[in-house]
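Worksheet: one structure, shown below.
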Amino acid sequence: MDTASIAKEFNNYFANIGYKLANEIPSANVLPSNYLTPFPETTSFFLFPTCSSETEEEISNLNDKKALGPFSIPTKVLKLLKDRI
């Protein structure tokens, strides 16, 4: 078998395996919410006041090897700018 045929077979397998496996999953007549534990409904929440030193300390404790934040700012840059934030 040549490499083009092998590649075609791999492509065919991986292009169809998800659909085949999904069809083997039995239907469920249970709502996902049935698996959740009851949680008291609240209509408000409270945020405690904070100060700049507390914010700087939290930024200092961030792991440099973790994913970027919500604005794609690298942790190292965030740490360099923490006193200006």
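Order determines the names: the first chain of the structure tokens is A, the second B, and so forth; residues in each chain are numbered 1 upward, and ligands are numbered 1 upward as they are shown.
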Do a neighbour search on range 73-79 of chain A at 8 Å with only C-alpha atoms, toss out local chain neighbours closer than 6 positions, and write the hits as a CSV table (one decimal) with N, CA and C atoms, in the first residue's frame.
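Listed below is the output, selection.csv:
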chain,number,residue,atom,x,y,z
A,59,ILE,N,-1.4,39.4,42.4
A,59,ILE,CA,-0.7,39.4,41.1
A,59,ILE,C,0.7,38.8,41.3
A,60,SER,N,1.4,39.1,42.4
A,60,SER,CA,2.7,38.5,42.6
A,60,SER,C,2.6,37.0,42.8
A,62,LEU,N,0.7,34.9,41.2
A,62,LEU,CA,0.3,34.2,40.0
A,62,LEU,C,1.4,33.4,39.5
A,63,ASN,N,1.1,32.2,38.9
A,63,ASN,CA,2.1,31.3,38.4
A,63,ASN,C,2.5,31.8,36.9
A,64,ASP,N,3.8,32.0,36.7
A,64,ASP,CA,4.2,32.4,35.3
A,64,ASP,C,4.0,31.4,34.3
A,66,LYS,N,1.3,29.5,33.9
A,66,LYS,CA,-0.2,29.2,33.6
A,66,LYS,C,-0.6,30.0,32.4
A,67,ALA,N,-1.8,29.7,32.0
A,67,ALA,CA,-2.4,30.4,30.8
A,67,ALA,C,-2.5,31.9,30.9
With only C-alpha atoms as the counted atoms, please give the residues lying no more than 10 Å from Ser53 in chain A, apart from itself and same-chain residues fewer than 4 positions off, as a JSON list (two decimals) with N, CA and C atoms, in the first residue's frame.
[["chain", "number", "residue", "atom", "x", "y", "z"],
["A", 57, "GLU", "N", -0.33, 41.87, 45.81],
["A", 57, "GLU", "CA", 0.10, 40.58, 46.37],
["A", 57, "GLU", "C", -0.47, 39.41, 45.58],
["A", 58, "GLU", "N", -1.75, 39.52, 45.21],
["A", 58, "GLU", "CA", -2.38, 38.46, 44.42],
["A", 58, "GLU", "C", -1.71, 38.32, 43.05],
["A", 59, "ILE", "N", -1.40, 39.43, 42.42],
["A", 59, "ILE", "CA", -0.71, 39.39, 41.13],
["A", 59, "ILE", "C", 0.67, 38.76, 41.29],
["A", 82, "LYS", "N", 2.14, 45.59, 37.88],
["A", 82, "LYS", "CA", 1.18, 45.47, 38.98],
["A", 82, "LYS", "C", 1.02, 46.72, 39.81],
["A", 83, "ASP", "N", 2.08, 47.52, 39.96],
["A", 83, "ASP", "CA", 1.96, 48.73, 40.77],
["A", 83, "ASP", "C", 1.22, 49.85, 40.03]]
To test your reading of the structure, identify every residue in chain A that backbone DSSP assigns to helix (DSSP H, G or I), and report it as number ranges by chain.
A: 3-24, 32-35, 52-60, 75-80
I'd like the interatomic distance between CA of Phe71 in chain A and CA of Ile85 in chain A, to a tenth of an Å.
13.6 Å
What does the distance between CA of Ile25 in chain A and CA of Ala7 in chain A come to in Å, to one decimal place?
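Computing the Euclidean distance for CA of Ile25 in chain A and CA of Ala7 in chain A yields 28.2 Å.
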How far is it from CA of Thr50 in chain A to CA of Arg84 in chain A, in Å with one decimal?
15.7 Å
